[in-house]
Amino acid sequence: MNQHLRLNEYKVLFYRLSLAYIFYFFARVLFYIYNLQLLKVDSVTEFLTLCYYGLAFDTTAILYANLLFIVFSVFPVFKNTNQGYQKFLFYLYFSLNLLAYATNFIDFIYYKFTFARTTIVVLNVLEHETNKAVLFSSFLMQYWHVFLLFLLFSSVWIYLYKKVTVKQFIPSKKIPYIGFSILGFLFVVLLTIGGIRGGDFKKSTRPINLVDASRHVKNIVHSDIVLNTPFAIIRTLFSNSFIKPDFKEVNQQVINTLVQPVKLYHNNPTTKPNVVVFIMESYGREYIGALNKNVKIPNYKSHAPFLDSLSQHSMIFTNAYANGRQSIHGMSSVLAGIPSFKDAFTSSPYPKQKIESLVSTLKSEGYNTSFFHGAANGSMGFLGFANILGIDNYYGRTEFNDDSQFDGFWGIWDEPFLQFMKKTLDKKKSPFFATVFTVSSHEPYIIPEKYKYKFREGGVPIHKSAEYTDYSLKQFFNEAKKEAWFNNTIFVFVADHCNQIYYDEFQKPINRYAVPIIIYKPNSNLVGINNDLAQQIDIYPTILDMIGYIKPFRSWGRSLFDTKISTPFVINSTGTIYQFSRGNYICTFDGTNAIGFFNKDDKALKTNLIAHRNAEMNTLELNCKAFIQDYMNRVVDQKLAN
């Protein structure tokens, strides 16, 4: 009778799926160990509690990965138990499961660079790279221990799978067999649907998503322990995060008052200086001593002596943050004032539209515009977005035309490429606008052989690369200051995003977005320290304010030198949760409602004050909603021009 009821097959199926849960648990433990400094928990009990909440997300990922395997395991046919069919199930099971499982191991390392579980967006970034094989080989060589762990756990998983087998039989009574098989199939399908949704069959409840990982955590970063990478990838596979919200309390008057999406400044006379923006790859504020004098970090060491020196003659912003987590996020934020939240704006369905930006406004004033990036032309998606913005000239590895200076991974070393940029600018007629995106401080953090004793690895590998990039900037300035165009140029320094962290201060969730903003104008009184909140999207309006641009323009950021019409604020996203800082508080927002309020100095987001809401907190939440609504409406409705 048990044969007709196929109970042995169902028991084995349960065992095989249970193995996936066990190995997902070990992957979560390893993920935590590899990222211990970023994900600290107070006790084993707290960690196990996070693992418990993670079971729902594991269930979704495991059932998605095993959909075909489950269907073929319980499908009502007569050959399920024979050796050939079971061999087919074996290969199906491990081809699907190990592919999904491997993504967890990628995040053992990649999480340190993005501070978020990997989503499908990573494929949008990689699609523009021509050196995928080199990058993958470099990853395997540098992080061989992760690959070895994956092979070890996969081998144990395969061994345990083979320990329990299905007993072979041929049903003698086919009608009872088929009848029970159909009922069993429908029941298993029903359970699978419920598991994929997160254990809830209610029509009124949506399937669990990335944001649900934050529901049960006290520290927002612990949501990444609750999550698993296969879930993050699967849930974003066919999602479009660019959906217009409809917050009932937000109308155009609220947007105009709180967001002020159209700016007009009359603070300075009209001038036409050259403008050069340095977007420094992965160059967190942590590495620059001048921006950390008042942070009081014990035994602090700077890795940017040139920028420290230049800061003494510049306006520096010590409380500045990135509006995104990836390089392409930085480009759109800095040049077009368009932040990226869950997904990159440039990876959305909407970037190919008319965009008012620093490029378009300066071109309207007679500026020649250029973009420099030493990687392969098209890398990171920069060339495509540069064309959308209307940049006149793109200079990449092709235009540099000397691969003897290629670092073997990403692009031309910073020092020779910045010299190439300087010589190119020498030939430009003023006024010109130029942006350079450096490459040498990108993982795998290698520097030219001739400098291996000059720049040494500090607490983390990026330190030597940061010092090399700083040195390259110094060499650029040593040559550029000899030219006539130099003294009539505004220089801006900013990073695309943060990267490897050494000091505990920058492990705090808010400070993981801490970037430098430095503005230098030779022989000017533009010198000082500004401690107000600042962000990448402020650079675009700041430059237009500085040159006395007299027309209204679209900008969600504000001029960093204007104190009359705008209030300092910062907005960014972990990929699941918005973080909005303004005034005395930081608001964490799940896309629908505020889920936390924290004192502005609580960069670790330790003490949630939401139970003690006040009028300022309510206004802060409304401000966040108004920003998101105007952002989504303008992006989706293609109204990114004024």
# chains A, B, ... in the order shown; residues from 1 in each chain; ligands from 1
$ closest_atom_pairs --of "segment 442-527 of chain A" --to "segment 332-347 of chain A" --cutoff "12 Å" --atoms "only C-alpha atoms" --output "JSON lines"
{"residue": "A:Val492", "atom": "CA", "partner": "A:Val334", "partner_atom": "CA", "distance": 10.4}
{"residue": "A:Phe493", "atom": "CA", "partner": "A:Val334", "partner_atom": "CA", "distance": 10.5}
{"residue": "A:Val494", "atom": "CA", "partner": "A:Val334", "partner_atom": "CA", "distance": 8.5}
{"residue": "A:Ala495", "atom": "CA", "partner": "A:Val334", "partner_atom": "CA", "distance": 9.4}
{"residue": "A:Asp496", "atom": "CA", "partner": "A:Val334", "partner_atom": "CA", "distance": 8.4}
{"residue": "A:His497", "atom": "CA", "partner": "A:Ser333", "partner_atom": "CA", "distance": 10.8}
{"residue": "A:Ile517", "atom": "CA", "partner": "A:Val334", "partner_atom": "CA", "distance": 10.8}
$ residues_around --residues "Asn531 of chain A" --least-positions-apart "6" --cutoff "8 Å" --atoms "only C-alpha atoms" --output "list in words"
Phe317, Thr318 and Asn319 of chain A
$ write_last_selection --atoms "all heavy atoms" --output "mmCIF file, in the first residue's frame"
data_model
loop_
_atom_site.group_PDB
_atom_site.id
_atom_site.type_symbol
_atom_site.label_atom_id
_atom_site.label_comp_id
_atom_site.auth_asym_id
_atom_site.auth_seq_id
_atom_site.Cartn_x
_atom_site.Cartn_y
_atom_site.Cartn_z
ATOM 1 N N PHE A 317 33.738 69.603 2.698
ATOM 2 C CA PHE A 317 32.449 69.246 3.293
ATOM 3 C C PHE A 317 32.635 67.938 4.052
ATOM 4 O O PHE A 317 32.817 66.870 3.455
ATOM 5 C CB PHE A 317 31.390 69.143 2.197
ATOM 6 C CG PHE A 317 31.170 70.453 1.493
ATOM 7 C CD1 PHE A 317 31.980 70.822 0.424
ATOM 8 C CD2 PHE A 317 30.202 71.342 1.931
ATOM 9 C CE1 PHE A 317 31.815 72.048 -0.211
ATOM 10 C CE2 PHE A 317 30.026 72.573 1.306
ATOM 11 C CZ PHE A 317 30.838 72.922 0.233
ATOM 12 N N THR A 318 32.614 68.031 5.363
ATOM 13 C CA THR A 318 32.986 66.908 6.225
ATOM 14 C C THR A 318 31.819 65.990 6.577
ATOM 15 O O THR A 318 31.986 65.033 7.321
ATOM 16 C CB THR A 318 33.606 67.433 7.533
ATOM 17 O OG1 THR A 318 32.617 68.216 8.234
ATOM 18 C CG2 THR A 318 34.830 68.295 7.247
ATOM 19 N N ASN A 319 30.632 66.312 6.031
ATOM 20 C CA ASN A 319 29.444 65.520 6.361
ATOM 21 C C ASN A 319 28.700 65.168 5.076
ATOM 22 O O ASN A 319 27.483 65.306 4.988
ATOM 23 C CB ASN A 319 28.542 66.310 7.314
ATOM 24 C CG ASN A 319 27.596 65.421 8.108
ATOM 25 O OD1 ASN A 319 27.789 64.209 8.202
ATOM 26 N ND2 ASN A 319 26.568 66.016 8.677
#
$ residues_around --residues "Gly459 of chain A" --least-positions-apart "6" --cutoff "12 Å" --atoms "only C-alpha atoms" --output "list in words"
Tyr287, Asn299, Tyr300, Lys301, Ser302, His303, Gln500, Ile501, Tyr502 and Tyr503 of chain A
$ write_last_selection --atoms "all heavy atoms" --output "CSV table (one decimal), in the first residue's frame"
chain,number,residue,atom,x,y,z
A,287,TYR,N,39.4,57.8,4.1
A,287,TYR,CA,40.9,57.8,3.7
A,287,TYR,C,41.5,59.1,3.7
A,287,TYR,O,42.7,59.2,3.6
A,287,TYR,CB,41.0,57.2,2.3
A,287,TYR,CG,40.2,55.9,2.0
A,287,TYR,CD1,39.6,55.7,0.8
A,287,TYR,CD2,40.1,55.0,3.0
A,287,TYR,CE1,38.9,54.5,0.5
A,287,TYR,CE2,39.3,53.8,2.8
A,287,TYR,CZ,38.8,53.6,1.5
A,287,TYR,OH,38.0,52.5,1.3
A,299,ASN,N,44.4,56.6,16.8
A,299,ASN,CA,45.5,56.2,15.9
A,299,ASN,C,45.1,56.3,14.4
A,299,ASN,O,45.5,55.5,13.6
A,299,ASN,CB,45.8,54.7,16.2
A,299,ASN,CG,46.2,54.5,17.7
A,299,ASN,OD1,47.0,55.3,18.2
A,299,ASN,ND2,45.7,53.5,18.3
A,300,TYR,N,44.3,57.3,14.1
A,300,TYR,CA,43.9,57.5,12.7
A,300,TYR,C,45.1,57.8,11.8
A,300,TYR,O,46.0,58.6,12.2
A,300,TYR,CB,42.9,58.7,12.6
A,300,TYR,CG,42.6,59.0,11.2
A,300,TYR,CD1,41.6,58.3,10.5
A,300,TYR,CD2,43.2,60.0,10.5
A,300,TYR,CE1,41.2,58.5,9.2
A,300,TYR,CE2,42.9,60.3,9.1
A,300,TYR,CZ,41.9,59.5,8.5
A,300,TYR,OH,41.6,59.8,7.2
A,301,LYS,N,45.1,57.3,10.6
A,301,LYS,CA,46.1,57.5,9.6
A,301,LYS,C,45.5,57.9,8.3
A,301,LYS,O,44.6,57.2,7.8
A,301,LYS,CB,47.0,56.3,9.4
A,301,LYS,CG,48.1,56.6,8.3
A,301,LYS,CD,48.9,55.3,8.1
A,301,LYS,CE,49.9,55.5,7.0
A,301,LYS,NZ,50.7,54.3,6.6
A,302,SER,N,45.9,59.0,7.7
A,302,SER,CA,45.4,59.4,6.4
A,302,SER,C,46.1,58.7,5.3
A,302,SER,O,47.3,58.3,5.4
A,302,SER,CB,45.6,60.9,6.2
A,302,SER,OG,45.2,61.3,4.9
A,303,HIS,N,45.4,58.5,4.2
A,303,HIS,CA,46.1,57.9,3.0
A,303,HIS,C,46.0,58.8,1.8
A,303,HIS,O,46.1,58.3,0.6
A,303,HIS,CB,45.4,56.5,2.7
A,303,HIS,CG,45.5,55.6,3.8
A,303,HIS,ND1,46.7,54.8,4.0
A,303,HIS,CD2,44.7,55.2,4.9
A,303,HIS,CE1,46.6,54.0,5.1
A,303,HIS,NE2,45.4,54.3,5.6
A,500,GLN,N,36.3,49.5,1.0
A,500,GLN,CA,36.8,48.8,2.2
A,500,GLN,C,36.9,49.7,3.4
A,500,GLN,O,37.4,50.8,3.3
A,500,GLN,CB,38.1,48.2,1.9
A,500,GLN,CG,38.0,47.0,0.9
A,500,GLN,CD,39.3,46.3,0.8
A,500,GLN,OE1,40.4,46.8,0.8
A,500,GLN,NE2,39.3,44.9,0.6
A,501,ILE,N,36.5,49.2,4.5
A,501,ILE,CA,36.4,50.0,5.8
A,501,ILE,C,37.4,49.5,6.7
A,501,ILE,O,37.5,48.3,6.9
A,501,ILE,CB,35.0,50.0,6.4
A,501,ILE,CG1,34.0,50.7,5.4
A,501,ILE,CG2,35.0,50.7,7.7
A,501,ILE,CD1,32.6,50.5,5.8
A,502,TYR,N,38.1,50.4,7.4
A,502,TYR,CA,39.1,50.0,8.4
A,502,TYR,C,38.7,50.4,9.8
A,502,TYR,O,38.8,49.7,10.8
A,502,TYR,CB,40.5,50.6,8.0
A,502,TYR,CG,41.6,50.2,9.0
A,502,TYR,CD1,42.0,48.8,9.1
A,502,TYR,CD2,42.3,51.1,9.8
A,502,TYR,CE1,43.0,48.4,10.0
A,502,TYR,CE2,43.3,50.7,10.6
A,502,TYR,CZ,43.6,49.4,10.8
A,502,TYR,OH,44.6,49.0,11.6
A,503,TYR,N,38.2,51.7,9.9
A,503,TYR,CA,37.9,52.2,11.2
A,503,TYR,C,36.4,52.0,11.6
A,503,TYR,O,35.5,52.1,10.7
A,503,TYR,CB,38.2,53.7,11.3
A,503,TYR,CG,39.7,54.0,11.1
A,503,TYR,CD1,40.1,54.6,9.9
A,503,TYR,CD2,40.6,53.7,12.1
A,503,TYR,CE1,41.5,54.9,9.8
A,503,TYR,CE2,41.9,54.0,11.9
A,503,TYR,CZ,42.4,54.5,10.8
A,503,TYR,OH,43.7,54.8,10.6
$ closest_residue --among "A:Tyr585, A:Phe57, A:Tyr367, A:Phe306" --to "Thr607 of chain A" --atoms "only C-alpha atoms"
A:Tyr585
$ closest_atom_pairs --of "segment 353-440 of chain A" --to "segment 471-489 of chain A" --cutoff "10 Å" --atoms "only C-alpha atoms" --output "tab-separated table"
residue	atom	partner	partner_atom	distance
A:Trp413	CA	A:Ser472	CA	8.9
A:Asp414	CA	A:Ser472	CA	6.0
A:Glu415	CA	A:Ser472	CA	4.3
A:Pro416	CA	A:Ser472	CA	8.0
A:Phe417	CA	A:Ser472	CA	9.0
A:Leu418	CA	A:Phe476	CA	6.0
A:Gln419	CA	A:Phe476	CA	5.9
A:Phe420	CA	A:Phe476	CA	9.3
A:Met421	CA	A:Phe476	CA	8.7
A:Lys422	CA	A:Ala480	CA	6.4
A:Lys423	CA	A:Ala480	CA	8.6
A:Leu425	CA	A:Trp485	CA	8.7
A:Asp426	CA	A:Glu483	CA	7.3
A:Lys428	CA	A:Trp485	CA	9.2
A:Lys429	CA	A:Trp485	CA	9.0
A:Ser430	CA	A:Trp485	CA	7.4
A:Pro431	CA	A:Thr489	CA	8.9
A:Phe432	CA	A:Thr489	CA	9.0
A:Phe433	CA	A:Thr489	CA	9.3
A:Thr438	CA	A:Leu473	CA	9.8
A:Ser440	CA	A:Ser472	CA	9.7
$ write_last_selection --atoms "N, CA and C atoms" --output "CSV table (one decimal), in the first residue's frame"
chain,number,residue,atom,x,y,z
A,413,TRP,N,46.4,52.9,-15.7
A,413,TRP,CA,46.8,53.4,-14.4
A,413,TRP,C,46.4,54.9,-14.3
A,414,ASP,N,46.1,55.3,-13.1
A,414,ASP,CA,45.6,56.7,-12.9
A,414,ASP,C,46.7,57.7,-13.3
A,415,GLU,N,47.9,57.5,-12.9
A,415,GLU,CA,49.0,58.5,-13.1
A,415,GLU,C,49.1,58.8,-14.6
A,416,PRO,N,49.3,57.8,-15.5
A,416,PRO,CA,49.5,58.2,-16.9
A,416,PRO,C,48.2,58.7,-17.5
A,417,PHE,N,47.0,58.1,-17.1
A,417,PHE,CA,45.8,58.6,-17.7
A,417,PHE,C,45.4,60.0,-17.3
A,418,LEU,N,45.7,60.4,-16.1
A,418,LEU,CA,45.5,61.8,-15.7
A,418,LEU,C,46.4,62.7,-16.4
A,419,GLN,N,47.6,62.3,-16.8
A,419,GLN,CA,48.5,63.1,-17.6
A,419,GLN,C,48.0,63.2,-19.0
A,420,PHE,N,47.4,62.1,-19.5
A,420,PHE,CA,46.7,62.2,-20.8
A,420,PHE,C,45.6,63.2,-20.8
A,421,MET,N,44.8,63.2,-19.7
A,421,MET,CA,43.7,64.1,-19.6
A,421,MET,C,44.2,65.5,-19.6
A,422,LYS,N,45.3,65.8,-18.8
A,422,LYS,CA,45.8,67.1,-18.7
A,422,LYS,C,46.2,67.6,-20.1
A,423,LYS,N,46.9,66.8,-20.9
A,423,LYS,CA,47.4,67.2,-22.2
A,423,LYS,C,46.2,67.4,-23.2
A,425,LEU,N,43.2,68.5,-22.1
A,425,LEU,CA,42.6,69.7,-21.7
A,425,LEU,C,43.4,70.9,-22.2
A,426,ASP,N,44.7,70.8,-22.3
A,426,ASP,CA,45.5,71.9,-22.8
A,426,ASP,C,45.1,72.3,-24.2
A,428,LYS,N,42.0,72.3,-25.3
A,428,LYS,CA,40.6,72.7,-25.3
A,428,LYS,C,40.5,74.3,-25.2
A,429,LYS,N,39.5,74.8,-25.8
A,429,LYS,CA,39.2,76.2,-25.7
A,429,LYS,C,38.3,76.5,-24.5
A,430,SER,N,38.6,77.4,-23.7
A,430,SER,CA,37.8,77.7,-22.5
A,430,SER,C,36.5,78.5,-23.0
A,431,PRO,N,35.4,78.2,-22.3
A,431,PRO,CA,35.3,77.4,-21.1
A,431,PRO,C,35.0,75.9,-21.5
A,432,PHE,N,35.6,75.1,-20.7
A,432,PHE,CA,35.3,73.7,-20.8
A,432,PHE,C,34.9,73.0,-19.5
A,433,PHE,N,34.2,71.9,-19.7
A,433,PHE,CA,33.7,71.1,-18.5
A,433,PHE,C,34.3,69.7,-18.8
A,438,THR,N,38.3,57.9,-12.1
A,438,THR,CA,39.5,57.2,-11.9
A,438,THR,C,39.3,55.7,-11.8
A,440,SER,N,42.1,53.3,-10.6
A,440,SER,CA,43.2,52.4,-9.9
A,440,SER,C,42.8,52.1,-8.4
$ decode --residues "segment 221-281 of chain A" --atoms "C-alpha atoms" --output "tab-separated table (two decimals), in the first residue's frame"
chain	number	residue	atom	x	y	z
A	221	VAL	CA	22.17	46.03	8.66
A	222	HIS	CA	21.10	42.74	10.21
A	223	SER	CA	18.46	42.41	7.49
A	224	ASP	CA	21.32	41.23	5.28
A	225	ILE	CA	21.84	38.30	7.67
A	226	VAL	CA	18.15	37.46	7.45
A	227	LEU	CA	18.29	37.54	3.65
A	228	ASN	CA	20.11	35.16	1.35
A	229	THR	CA	21.59	36.08	-2.02
A	230	PRO	CA	19.54	33.69	-4.22
A	231	PHE	CA	16.39	35.28	-2.78
A	232	ALA	CA	17.70	38.80	-3.48
A	233	ILE	CA	18.50	37.91	-7.09
A	234	ILE	CA	15.26	36.01	-7.75
A	235	ARG	CA	13.04	38.69	-6.21
A	236	THR	CA	14.63	41.41	-8.37
A	237	LEU	CA	14.81	39.30	-11.54
A	238	PHE	CA	11.67	40.69	-13.14
A	239	SER	CA	10.97	43.61	-10.86
A	240	ASN	CA	10.75	47.24	-11.80
A	241	SER	CA	11.34	49.43	-8.77
A	242	PHE	CA	10.48	52.55	-10.75
A	243	ILE	CA	6.78	52.67	-9.92
A	244	LYS	CA	4.94	55.91	-9.25
A	245	PRO	CA	3.69	56.01	-5.65
A	246	ASP	CA	0.51	57.75	-4.62
A	247	PHE	CA	1.01	59.12	-1.14
A	248	LYS	CA	-2.34	60.70	-0.18
A	249	GLU	CA	-0.72	63.43	1.90
A	250	VAL	CA	1.61	64.49	-0.93
A	251	ASN	CA	0.48	67.01	-3.54
A	252	GLN	CA	2.33	69.42	-5.79
A	253	GLN	CA	2.31	72.15	-3.16
A	254	VAL	CA	3.96	69.81	-0.65
A	255	ILE	CA	6.56	68.85	-3.27
A	256	ASN	CA	7.28	72.47	-4.17
A	257	THR	CA	7.64	73.40	-0.50
A	258	LEU	CA	9.64	70.47	0.83
A	259	VAL	CA	11.51	69.16	-2.23
A	260	GLN	CA	11.88	72.32	-4.35
A	261	PRO	CA	12.62	70.37	-7.54
A	262	VAL	CA	13.25	73.52	-9.57
A	263	LYS	CA	16.06	75.80	-8.44
A	264	LEU	CA	16.95	79.39	-9.33
A	265	TYR	CA	19.91	81.19	-7.76
A	266	HIS	CA	20.96	84.83	-7.76
A	267	ASN	CA	23.91	84.62	-5.38
A	268	ASN	CA	26.82	85.26	-7.77
A	269	PRO	CA	27.60	87.27	-10.90
A	270	THR	CA	27.65	85.36	-14.19
A	271	THR	CA	31.09	83.97	-15.01
A	272	LYS	CA	32.42	81.15	-17.18
A	273	PRO	CA	35.26	79.38	-15.41
A	274	ASN	CA	36.36	75.94	-16.53
A	275	VAL	CA	34.97	73.11	-14.42
A	276	VAL	CA	36.79	69.83	-13.75
A	277	VAL	CA	35.12	67.11	-11.65
A	278	PHE	CA	37.13	64.19	-10.29
A	279	ILE	CA	34.94	61.19	-9.46
A	280	MET	CA	37.33	58.98	-7.53
A	281	GLU	CA	36.65	55.26	-7.66
